[in-house]
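Visitor: Dropping in work19.csv, which is CSV, C-alpha atoms:
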chain,number,residue,atom,x,y,z
A,1,MET,CA,-5.7,59.7,-14.7
A,2,GLY,CA,-5.1,62.1,-17.7
A,3,ARG,CA,-5.8,65.8,-18.0
A,4,ALA,CA,-8.6,67.3,-20.0
A,5,ILE,CA,-7.8,70.6,-21.7
A,6,VAL,CA,-10.3,72.6,-23.6
A,7,ILE,CA,-9.2,74.9,-26.4
A,8,THR,CA,-11.6,77.9,-26.5
A,9,SER,CA,-11.8,81.5,-27.7
A,10,GLY,CA,-15.3,82.9,-28.0
A,11,LYS,CA,-14.7,84.3,-31.4
A,12,GLY,CA,-14.5,81.9,-34.4
A,13,GLY,CA,-11.7,81.8,-36.9
A,14,VAL,CA,-8.9,82.6,-34.5
A,15,GLY,CA,-7.2,79.2,-34.7
A,16,LYS,CA,-8.8,76.9,-32.1
A,17,THR,CA,-8.9,73.9,-34.3
A,18,THR,CA,-5.4,74.4,-35.6
A,19,THR,CA,-4.2,74.8,-32.0
A,20,ALA,CA,-6.0,71.7,-30.9
A,21,ALA,CA,-4.6,69.6,-33.8
A,22,ASN,CA,-1.1,70.8,-33.2
A,23,ILE,CA,-0.9,70.7,-29.5
A,24,GLY,CA,-2.5,67.2,-29.6
A,25,SER,CA,-0.1,66.0,-32.2
A,26,ALA,CA,2.9,67.5,-30.4
A,27,LEU,CA,1.9,65.9,-27.1
A,28,ALA,CA,1.7,62.6,-28.9
A,29,GLN,CA,5.2,63.2,-30.4
A,30,LEU,CA,6.4,63.6,-26.9
A,31,GLY,CA,5.2,60.0,-26.2
A,32,LYS,CA,2.0,61.0,-24.4
A,33,SER,CA,-1.2,59.1,-25.2
A,34,VAL,CA,-3.6,61.7,-26.5
A,35,VAL,CA,-7.3,61.9,-27.7
A,36,VAL,CA,-8.3,65.1,-29.5
A,37,VAL,CA,-12.1,65.6,-29.2
A,38,ASP,CA,-14.1,67.7,-31.7
A,39,ALA,CA,-16.8,69.2,-29.6
A,40,ASP,CA,-18.2,71.3,-32.5
A,41,ILE,CA,-21.3,69.3,-33.1
A,42,GLY,CA,-22.8,70.1,-36.5
A,43,LEU,CA,-19.8,72.0,-37.8
A,44,ARG,CA,-17.0,69.5,-37.5
A,45,ASN,CA,-13.5,70.4,-38.7
A,46,LEU,CA,-10.9,68.9,-36.6
A,47,ASP,CA,-11.1,65.8,-38.8
A,48,VAL,CA,-10.1,67.7,-41.9
A,49,VAL,CA,-7.4,69.7,-40.2
A,50,MET,CA,-5.9,66.5,-39.0
A,51,GLY,CA,-6.4,64.7,-42.4
A,52,LEU,CA,-8.5,61.9,-40.9
A,53,GLU,CA,-11.9,62.8,-42.6
A,54,ASN,CA,-12.0,59.7,-44.7
A,55,ARG,CA,-11.9,57.3,-41.8
A,56,ILE,CA,-14.9,58.4,-39.7
A,57,VAL,CA,-17.4,55.6,-39.0
A,58,TYR,CA,-18.9,56.6,-35.7
A,59,HIS,CA,-18.8,60.0,-33.9
A,60,LEU,CA,-19.3,61.7,-30.5
A,61,VAL,CA,-23.1,61.8,-30.7
A,62,ASP,CA,-23.2,58.0,-31.5
A,63,VAL,CA,-21.2,57.4,-28.3
A,64,VAL,CA,-23.4,59.6,-26.2
A,65,ARG,CA,-26.5,57.9,-27.6
A,66,GLY,CA,-25.0,54.5,-26.8
A,67,LYS,CA,-24.8,53.4,-30.5
A,68,CYS,CA,-21.2,52.4,-30.0
A,69,THR,CA,-18.5,52.3,-27.4
A,70,VAL,CA,-16.0,55.2,-27.1
A,71,ALA,CA,-13.2,52.8,-28.2
A,72,LYS,CA,-15.1,52.1,-31.4
A,73,ALA,CA,-15.6,55.7,-32.3
A,74,LEU,CA,-11.9,56.7,-31.8
A,75,ILE,CA,-9.9,57.0,-35.0
A,76,LYS,CA,-6.2,56.1,-34.6
A,77,ASP,CA,-3.8,58.4,-36.4
A,78,ARG,CA,-1.5,56.4,-38.6
A,79,ARG,CA,1.4,58.9,-38.4
A,80,LEU,CA,1.7,58.9,-34.6
A,81,GLU,CA,1.5,55.9,-32.4
A,82,ASN,CA,-0.3,57.5,-29.4
A,83,LEU,CA,-2.8,59.8,-31.1
A,84,TRP,CA,-6.6,59.4,-31.5
A,85,LEU,CA,-9.4,61.6,-32.8
A,86,LEU,CA,-13.0,61.5,-31.5
A,87,PRO,CA,-14.9,63.3,-34.4
A,88,ALA,CA,-18.0,65.4,-34.0
A,89,SER,CA,-21.2,64.6,-35.7
A,90,GLN,CA,-21.9,66.6,-38.8
A,91,THR,CA,-25.7,66.0,-39.0
A,92,ASP,CA,-26.8,66.6,-35.4
A,93,ASP,CA,-27.1,69.9,-33.6
A,94,LYS,CA,-25.4,71.1,-30.4
A,95,ASP,CA,-28.5,70.2,-28.3
A,96,SER,CA,-28.1,66.5,-28.9
A,97,VAL,CA,-25.4,66.5,-26.2
A,98,THR,CA,-25.6,67.8,-22.6
A,99,PRO,CA,-22.8,69.0,-20.3
A,100,ASP,CA,-23.4,65.8,-18.2
A,101,ASP,CA,-22.9,63.6,-21.3
A,102,MET,CA,-19.6,65.4,-22.0
A,103,LYS,CA,-18.5,65.1,-18.4
A,104,LYS,CA,-19.0,61.3,-18.5
A,105,LEU,CA,-17.4,61.0,-21.9
A,106,VAL,CA,-14.3,63.0,-21.0
A,107,CYS,CA,-14.0,61.1,-17.7
A,108,GLU,CA,-13.9,57.9,-19.6
A,109,LEU,CA,-11.3,59.1,-22.0
A,110,ARG,CA,-9.1,60.5,-19.2
A,111,ALA,CA,-9.0,57.1,-17.6
A,112,THR,CA,-7.2,55.6,-20.6
A,113,HIS,CA,-5.2,58.6,-22.0
A,114,ASP,CA,-2.7,61.1,-20.7
A,115,PHE,CA,-4.3,64.1,-22.4
A,116,VAL,CA,-7.8,64.8,-23.7
A,117,VAL,CA,-7.7,67.9,-25.9
A,118,ILE,CA,-11.1,69.3,-26.5
A,119,ASP,CA,-11.7,71.6,-29.5
A,120,CYS,CA,-14.5,73.9,-28.4
A,121,PRO,CA,-16.9,75.5,-30.9
A,122,ALA,CA,-17.1,79.3,-31.3
A,123,GLY,CA,-19.7,81.1,-29.2
A,124,ILE,CA,-20.6,81.0,-25.5
A,125,GLU,CA,-23.9,79.0,-25.8
A,126,GLN,CA,-24.7,75.3,-25.5
A,127,GLY,CA,-21.7,74.1,-27.5
A,128,PHE,CA,-19.3,76.0,-25.3
A,129,LYS,CA,-21.0,74.8,-22.1
A,130,ASN,CA,-20.7,71.2,-23.4
A,131,ALA,CA,-17.1,71.6,-24.4
A,132,ILE,CA,-15.9,73.0,-21.0
A,133,ALA,CA,-18.1,70.7,-18.9
A,134,GLY,CA,-15.5,67.9,-18.6
A,135,ALA,CA,-12.4,70.1,-18.7
A,136,ASP,CA,-9.8,70.4,-15.9
A,137,GLU,CA,-8.1,73.4,-17.5
A,138,ALA,CA,-8.5,75.7,-20.5
A,139,ILE,CA,-6.4,77.3,-23.2
A,140,VAL,CA,-7.8,80.5,-24.5
A,141,VAL,CA,-6.7,81.3,-28.0
A,142,ALA,CA,-6.8,85.0,-29.0
A,143,THR,CA,-5.4,86.9,-32.0
A,144,PRO,CA,-4.1,90.4,-31.4
A,145,GLU,CA,-7.3,92.1,-32.6
A,146,VAL,CA,-9.9,94.1,-30.7
A,147,SER,CA,-12.8,91.7,-31.5
A,148,SER,CA,-10.9,88.5,-30.6
A,149,ILE,CA,-9.6,89.9,-27.3
A,150,ARG,CA,-13.0,91.2,-26.4
A,151,ASP,CA,-14.5,87.8,-26.9
A,152,ALA,CA,-11.6,86.1,-25.1
A,153,ASP,CA,-12.2,88.3,-22.1
A,154,ARG,CA,-15.8,87.2,-22.0
A,155,VAL,CA,-14.8,83.5,-22.2
A,156,ILE,CA,-12.2,84.0,-19.5
A,157,GLY,CA,-14.9,85.4,-17.2
A,158,LEU,CA,-17.1,82.4,-17.9
A,159,LEU,CA,-14.3,79.9,-17.3
A,160,ALA,CA,-13.5,81.6,-14.0
A,161,ALA,CA,-17.1,81.4,-13.0
A,162,ALA,CA,-17.0,77.7,-13.8
A,163,GLY,CA,-13.8,77.3,-11.8
A,164,ILE,CA,-11.7,76.2,-14.7
A,165,PRO,CA,-8.1,77.6,-14.7
A,166,ALA,CA,-7.1,79.2,-18.0
A,167,ARG,CA,-4.0,80.1,-19.8
A,168,LEU,CA,-3.5,82.1,-22.9
A,169,ILE,CA,-2.2,81.5,-26.4
A,170,VAL,CA,-1.7,84.6,-28.6
A,171,ASN,CA,-2.1,83.4,-32.1
A,172,ARG,CA,-1.0,84.8,-35.5
A,173,ILE,CA,1.2,87.6,-34.1
A,174,SER,CA,3.3,89.4,-36.7
A,175,PRO,CA,6.5,90.8,-35.1
A,176,HIS,CA,6.8,93.0,-38.2
A,177,LEU,CA,3.4,94.6,-37.7
A,178,VAL,CA,4.0,95.0,-33.9
A,179,LYS,CA,7.2,96.8,-34.6
A,180,ARG,CA,5.5,99.1,-37.0
A,181,GLY,CA,2.9,100.0,-34.4
A,182,ASP,CA,0.1,98.4,-36.3
A,183,MET,CA,-0.5,95.3,-34.1
A,184,LEU,CA,-1.0,94.7,-30.4
A,185,SER,CA,2.0,93.0,-28.9
A,186,GLN,CA,1.9,89.8,-26.8
A,187,ALA,CA,2.6,92.1,-23.8
A,188,ASP,CA,-0.4,94.3,-24.7
A,189,VAL,CA,-2.7,91.2,-24.9
A,190,ILE,CA,-1.4,89.8,-21.6
A,191,GLU,CA,-1.8,93.2,-19.9
A,192,ILE,CA,-5.4,93.6,-21.1
A,193,LEU,CA,-6.5,90.0,-20.4
A,194,ALA,CA,-4.5,89.6,-17.2
A,195,LEU,CA,-4.0,85.9,-18.0
A,196,GLU,CA,-0.9,83.7,-17.8
A,197,LEU,CA,0.8,83.2,-21.2
A,198,LEU,CA,1.3,79.7,-22.4
A,199,GLY,CA,2.6,80.6,-25.9
A,200,THR,CA,2.8,83.0,-28.7
A,201,ILE,CA,2.3,81.6,-32.2
A,202,PRO,CA,3.7,83.7,-35.0
A,203,LEU,CA,1.7,84.3,-38.2
A,204,ASP,CA,3.1,81.7,-40.4
A,205,GLU,CA,2.4,80.7,-44.0
A,206,HIS,CA,3.4,77.1,-43.3
A,207,ILE,CA,0.2,76.7,-41.3
A,208,VAL,CA,-1.9,77.5,-44.4
A,209,ALA,CA,0.0,74.9,-46.4
A,210,THR,CA,-0.1,72.2,-43.8
A,211,THR,CA,-3.8,72.8,-43.2
A,212,ASN,CA,-4.4,72.5,-46.9
A,213,LYS,CA,-2.7,69.1,-46.8
A,214,GLY,CA,-4.4,67.9,-43.6
A,215,ILE,CA,-1.1,67.5,-41.8
A,216,PRO,CA,-0.7,69.1,-38.4
A,217,ALA,CA,2.3,71.5,-38.8
A,218,VAL,CA,4.2,69.9,-35.9
A,219,LEU,CA,4.5,66.7,-37.9
A,220,GLU,CA,6.6,68.5,-40.6
A,221,ASN,CA,8.2,70.6,-37.9
A,222,LYS,CA,9.7,73.1,-40.4
A,223,SER,CA,8.0,76.3,-39.4
A,224,ILE,CA,8.4,78.6,-36.4
A,225,ALA,CA,4.7,78.2,-35.6
A,226,ALA,CA,5.3,74.4,-35.3
A,227,LYS,CA,8.3,74.9,-33.0
A,228,GLU,CA,6.2,77.1,-30.8
A,229,PHE,CA,3.3,74.6,-30.7
A,230,THR,CA,5.9,71.9,-29.7
A,231,ARG,CA,7.2,74.2,-27.0
A,232,VAL,CA,3.7,74.7,-25.6
A,233,ALA,CA,3.2,71.0,-25.6
A,234,ARG,CA,6.4,70.5,-23.7
A,235,SER,CA,5.3,73.0,-21.2
A,236,LEU,CA,1.9,71.3,-20.8
A,237,ALA,CA,3.6,68.0,-20.3
A,238,GLY,CA,5.8,69.5,-17.6
A,239,LEU,CA,9.0,69.2,-19.6
A,240,ASP,CA,11.6,71.9,-19.9
A,241,ALA,CA,10.3,74.2,-22.5
A,242,GLY,CA,11.9,77.7,-22.1
A,243,ALA,CA,10.0,81.0,-22.0
A,244,PRO,CA,7.3,81.8,-24.6
A,245,VAL,CA,8.9,84.4,-26.8
A,246,ALA,CA,8.1,85.3,-30.3
A,247,ALA,CA,11.4,85.1,-32.2
A,248,PRO,CA,12.5,88.5,-33.3
A,249,GLY,CA,13.7,88.8,-36.9
A,250,PHE,CA,17.3,88.7,-37.8
A,251,PHE,CA,17.7,92.4,-38.4
A,252,SER,CA,16.1,93.4,-35.2
A,253,ARG,CA,18.3,91.0,-33.3
A,254,LEU,CA,21.3,92.4,-35.2
A,255,GLY,CA,20.2,95.9,-34.5
A,256,ARG,CA,19.8,95.2,-30.8
A,257,ALA,CA,23.2,93.5,-30.6
A,258,LEU,CA,24.7,96.7,-32.1
A,259,GLY,CA,22.6,98.9,-29.8
A,260,LEU,CA,20.7,100.4,-32.7
A,261,SER,CA,17.2,99.6,-31.6
A,262,PRO,CA,15.6,99.3,-28.2
A,263,ALA,CA,14.7,95.8,-26.9
A,264,PRO,CA,11.1,94.9,-27.7
A,265,THR,CA,8.6,95.6,-25.0
A,266,ALA,CA,7.1,92.1,-25.4
B,1,MET,CA,12.8,106.6,-35.5
B,2,TRP,CA,10.4,105.7,-38.4
B,3,ASN,CA,7.6,105.3,-35.8
B,4,GLY,CA,8.4,108.8,-34.5
B,5,ILE,CA,8.3,110.3,-38.0
B,6,LYS,CA,5.1,108.5,-38.8
B,7,SER,CA,3.4,109.7,-35.6
B,8,LEU,CA,4.5,113.3,-36.5
B,9,ILE,CA,3.0,112.9,-40.0
B,10,THR,CA,-0.2,111.2,-38.8
B,11,GLY,CA,-0.3,113.5,-35.9
B,12,GLY,CA,-1.0,110.9,-33.3
B,13,ARG,CA,-1.0,107.4,-31.9
B,14,SER,CA,-0.2,104.2,-33.7
B,15,SER,CA,-3.1,101.9,-34.5
B,16,ARG,CA,-1.7,99.6,-31.8
B,17,GLU,CA,-2.1,102.3,-29.2
B,18,VAL,CA,-5.6,103.1,-30.4
B,19,ALA,CA,-6.6,99.4,-30.3
B,20,LYS,CA,-5.2,99.2,-26.7
B,21,GLY,CA,-7.1,102.3,-25.6
B,22,ARG,CA,-10.4,101.1,-27.2
B,23,LEU,CA,-10.0,97.6,-25.6
B,24,HIS,CA,-9.4,99.0,-22.1
B,25,LEU,CA,-12.7,101.0,-22.5
B,26,VAL,CA,-14.7,98.3,-24.1
B,27,LEU,CA,-13.6,95.6,-21.6
B,28,ALA,CA,-14.2,97.9,-18.6
B,29,HIS,CA,-17.9,98.2,-19.8
B,30,ASP,CA,-18.2,94.5,-20.7
B,31,ARG,CA,-16.9,93.4,-17.3
B,32,SER,CA,-19.2,95.7,-15.4
B,33,GLY,CA,-22.2,94.8,-17.6
B,34,LEU,CA,-23.1,98.5,-17.8
B,35,GLU,CA,-23.9,99.9,-21.2
B,36,GLY,CA,-22.7,103.4,-22.0
B,37,GLY,CA,-26.2,104.9,-22.1
B,38,LYS,CA,-27.1,103.5,-18.7
B,39,LEU,CA,-23.9,104.9,-17.3
B,40,GLN,CA,-24.9,108.4,-18.4
B,41,GLU,CA,-28.3,108.0,-16.8
B,42,MET,CA,-26.6,107.0,-13.6
B,43,ARG,CA,-24.3,110.0,-13.9
B,44,GLN,CA,-27.3,112.3,-14.1
B,45,GLU,CA,-28.9,110.7,-11.0
B,46,ILE,CA,-25.7,110.9,-9.0
B,47,ALA,CA,-25.1,114.5,-10.0
B,48,ALA,CA,-28.7,115.3,-8.8
B,49,VAL,CA,-28.0,113.6,-5.5
B,50,ILE,CA,-24.7,115.6,-5.0
B,51,ALA,CA,-26.5,118.8,-6.0
B,52,ARG,CA,-29.0,118.3,-3.1
B,53,TYR,CA,-26.1,118.6,-0.7
B,54,VAL,CA,-23.7,121.0,-2.4
B,55,ASP,CA,-24.1,123.7,-4.9
B,56,ILE,CA,-22.5,122.2,-8.0
B,57,ASP,CA,-22.7,122.3,-11.7
B,58,ALA,CA,-24.4,119.0,-12.5
B,59,ASN,CA,-22.8,118.9,-16.0
B,60,ALA,CA,-19.3,118.9,-14.5
B,61,VAL,CA,-19.9,115.6,-12.8
B,62,GLU,CA,-17.9,112.9,-14.6
B,63,ILE,CA,-18.3,109.2,-14.5
B,64,SER,CA,-16.2,106.4,-15.9
B,65,ILE,CA,-15.4,102.7,-15.5
B,66,GLU,CA,-11.8,101.5,-15.3
B,67,SER,CA,-10.5,98.0,-15.3
B,68,HIS,CA,-7.1,96.8,-14.4
B,69,SER,CA,-6.0,93.2,-13.9
B,70,ARG,CA,-9.6,92.1,-14.1
B,71,GLU,CA,-10.7,94.5,-11.2
B,72,THR,CA,-13.2,96.9,-12.3
B,73,GLN,CA,-13.9,100.3,-10.6
B,74,LEU,CA,-16.6,102.9,-11.0
B,75,MET,CA,-15.1,106.4,-10.9
B,76,VAL,CA,-17.3,109.4,-10.2
B,77,SER,CA,-15.6,112.8,-9.9
B,78,SER,CA,-17.3,116.1,-9.2
B,79,PRO,CA,-15.7,119.5,-8.7
B,80,LEU,CA,-16.8,121.2,-5.4
B,81,PRO,CA,-17.2,124.9,-5.3
B,82,ALA,CA,-15.0,126.9,-2.9
B,83,ARG,CA,-16.8,127.9,0.3
B,84,HIS,CA,-17.0,131.6,0.8
B,85,ALA,CA,-17.6,131.9,4.5
What would the structure in this file look like if it were written as structure tokens?

Guide:
Amino acid sequence: MGRAIVITSGKGGVGKTTTAANIGSALAQLGKSVVVVDADIGLRNLDVVMGLENRIVYHLVDVVRGKCTVAKALIKDRRLENLWLLPASQTDDKDSVTPDDMKKLVCELRATHDFVVIDCPAGIEQGFKNAIAGADEAIVVATPEVSSIRDADRVIGLLAAAGIPARLIVNRISPHLVKRGDMLSQADVIEILALELLGTIPLDEHIVATTNKGIPAVLENKSIAAKEFTRVARSLAGLDAGAPVAAPGFFSRLGRALGLSPAPTA
Amino acid sequence: MWNGIKSLITGGRSSREVAKGRLHLVLAHDRSGLEGGKLQEMRQEIAAVIARYVDIDANAVEISIESHSRETQLMVSSPLPARHA
């Protein structure tokens, strides 16, 4: 029986879909069989981020309505052997699916795959309730900004009330801005949210480029963000992953080695 | 060092520290479900209750919500006048 992990954040635009695509792909690279599910009914995007938008025939709502089997709606990724996408519908709305529908669907997917990664829509209404319904655990994505952290805190409370254990990914952190005193550090975010840290993804231009191309960054594996996503996936899969630390820049490492600057508080 | 100079120039905390302080306050209120205005109403009522028992300056009663590690506490503090027996 596989594990169902929902990627959620409350606030939109913080990197849920990118995180879902990359963690899903990285788990598949590790040899796990993975389905990534786009639970954002009406505003689907996981398909374009993964570059699978031209191959959609059936979608999640078709499965729920019994128009096709789950197997028929799954799109197999051609780059990775063990990766599938269950796309959302672009024409229906969030009310066309109920939490019970999602529970049933996720349960079915878990029976045949090691990991079911669910990309949750922004907000805390029906779409959120649907997305978390079948999940065993949650990853809360937050960027180091006041609004994102505030929304993450709300979501963490709702997940706790639903009995779903959650861990944190701090996304788009800029070590340079943190050092300058103009960005919350990962340690600040952990302290405020009081949640276990799963990973810290640095702000990385490669993510913009790979998203433009519809290639999850971990497939190119050139960027530091991709390496961190892979590390998170290793940790999820129970493999030796090392501690989640945003890599300090060369000069700050050099400075510390020479005793010129204090060790980061992160 | 640069941060030190900058805080001397700007005369205060870094935007990171400001954000952290604001978040602590906002989250304490969010977690308690109490809006700031309601909290002030409650402050006045509590001050009135205290004033029934001891001779205090109702305006000196302070109320705040603090939240650490997801545990939220309501803090009320009131100076008490010295008793001249």

Visitor: Which residues come within 9 Å of Val6 (chain A), counting all atoms listed in the file, excluding same-chain residues fewer than 4 positions away, as a list in words?

Guide: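 In the requested format, the answer is Ala20, Val116, Val117, Ile118, Asp119, Cys120, Ala131, Ile132, Gly134, Ala135, Asp136, Glu137, Ala138, Ile139 and Val140 of chain A.
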
Visitor: Near chain B, which residues of chain A fall within 6 Å when you count all atoms listed in the file, and what do they look like as a PyMOL selection string?

Guide: chain A and resi 181-184+194

Visitor: How many Å separate CA of His113 (chain A) from CA of Ala28 (chain A)?

Guide: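 These atoms are spaced 10.5 Å apart.
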
Visitor: Please, what distance in Å, to one decimal, runs between CA of Val76 (chain B) and CA of Glu62 (chain B)?

Guide: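 CA of Val76 (chain B) sits 5.7 Å away from CA of Glu62 (chain B).
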
Visitor: Go through B:Ile46, B:Gly12, B:Arg52, B:Gly33 one by one, measure the shortest atom-to-atom distance of each to Met75 (chain B) using only C-alpha atoms, and give the residue with the smallest value.

Guide: B:Ile46

Visitor: For Ala217 (chain A), list every protein, DNA or RNA residue within 12 Å, evaluated using all atoms listed in the file, and leave out those in the same chain fewer than 3 positions away; present the list as number ranges by chain.

Guide: A: 18-26, 49-51, 204-214, 220-230

Visitor: Report the distance between CA of Arg44 (chain A) and CA of Arg231 (chain A) in Å, rounded to one decimal place.

Guide: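 Computed distance, CA of Arg44 (chain A) to CA of Arg231 (chain A), equals 26.8 Å.
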
Visitor: Determine the nearest neighbour of Gln29 (chain A) from the options A:Ala122, A:Leu83, A:Ala71, A:Val146, counting only C-alpha atoms.

Guide: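 Looking only at the distances to Gln29 (chain A), the closest residue turns out to be A:Leu83.
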
Visitor: Nearest to Glu125 (chain A): which of A:Gly2, A:Pro244, A:Pro175, A:Gly10 is it, counting all atoms listed in the file?

Guide: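 Residue with the minimum atom-to-atom distance to Glu125 (chain A): A:Gly10.
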
Visitor: What's the 12 Å shell around Ile156 (chain A), counting all atoms listed in the file, without same-chain residues fewer than 2 positions away, as JSON, numbers by chain?

Guide: {"A": [7, 8, 9, 10, 124, 132, 137, 138, 139, 140, 141, 142, 149, 150, 151, 152, 153, 154, 158, 159, 160, 161, 162, 163, 164, 165, 166, 167, 168, 192, 193, 194, 195, 196], "B": [27, 31, 70]}

Visitor: Skip Asn59 (chain B) itself and residues of its chain fewer than 3 positions away, then list as a list in words all residues within 12 Å of it, counting only C-alpha atoms.

Guide: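 Contacts, in chain order: Gln40, Arg43, Gln44, Glu45, Ile46, Ala47, Ala48, Ile50, Ala51, Ile56, Glu62, Ile63, Ser77, Ser78 and Pro79 of chain B.
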
Visitor: Between A:Val14, A:Ala111, A:Met1, A:Val37, single out the one closest to Ile173 (chain A), counting all atoms listed in the file.

Guide: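 Result for the nearest residue to Ile173 (chain A): A:Val14.
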
Visitor: Would you pick out the contacts of Asp55 (chain B) at 10 Å or less, using only C-alpha atoms, so that residues sharing its chain but fewer than 6 positions from it are not included, and give the list as a PyMOL selection string?

Guide: chain B and resi 80-83

Visitor: Between A:Pro144, A:Pro216, A:Gly12, A:Gly123, single out the one closest to Leu80 (chain A), counting all atoms listed in the file.

Guide: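 Using all atoms listed in the file, the shortest distance to Leu80 (chain A) belongs to A:Pro216.
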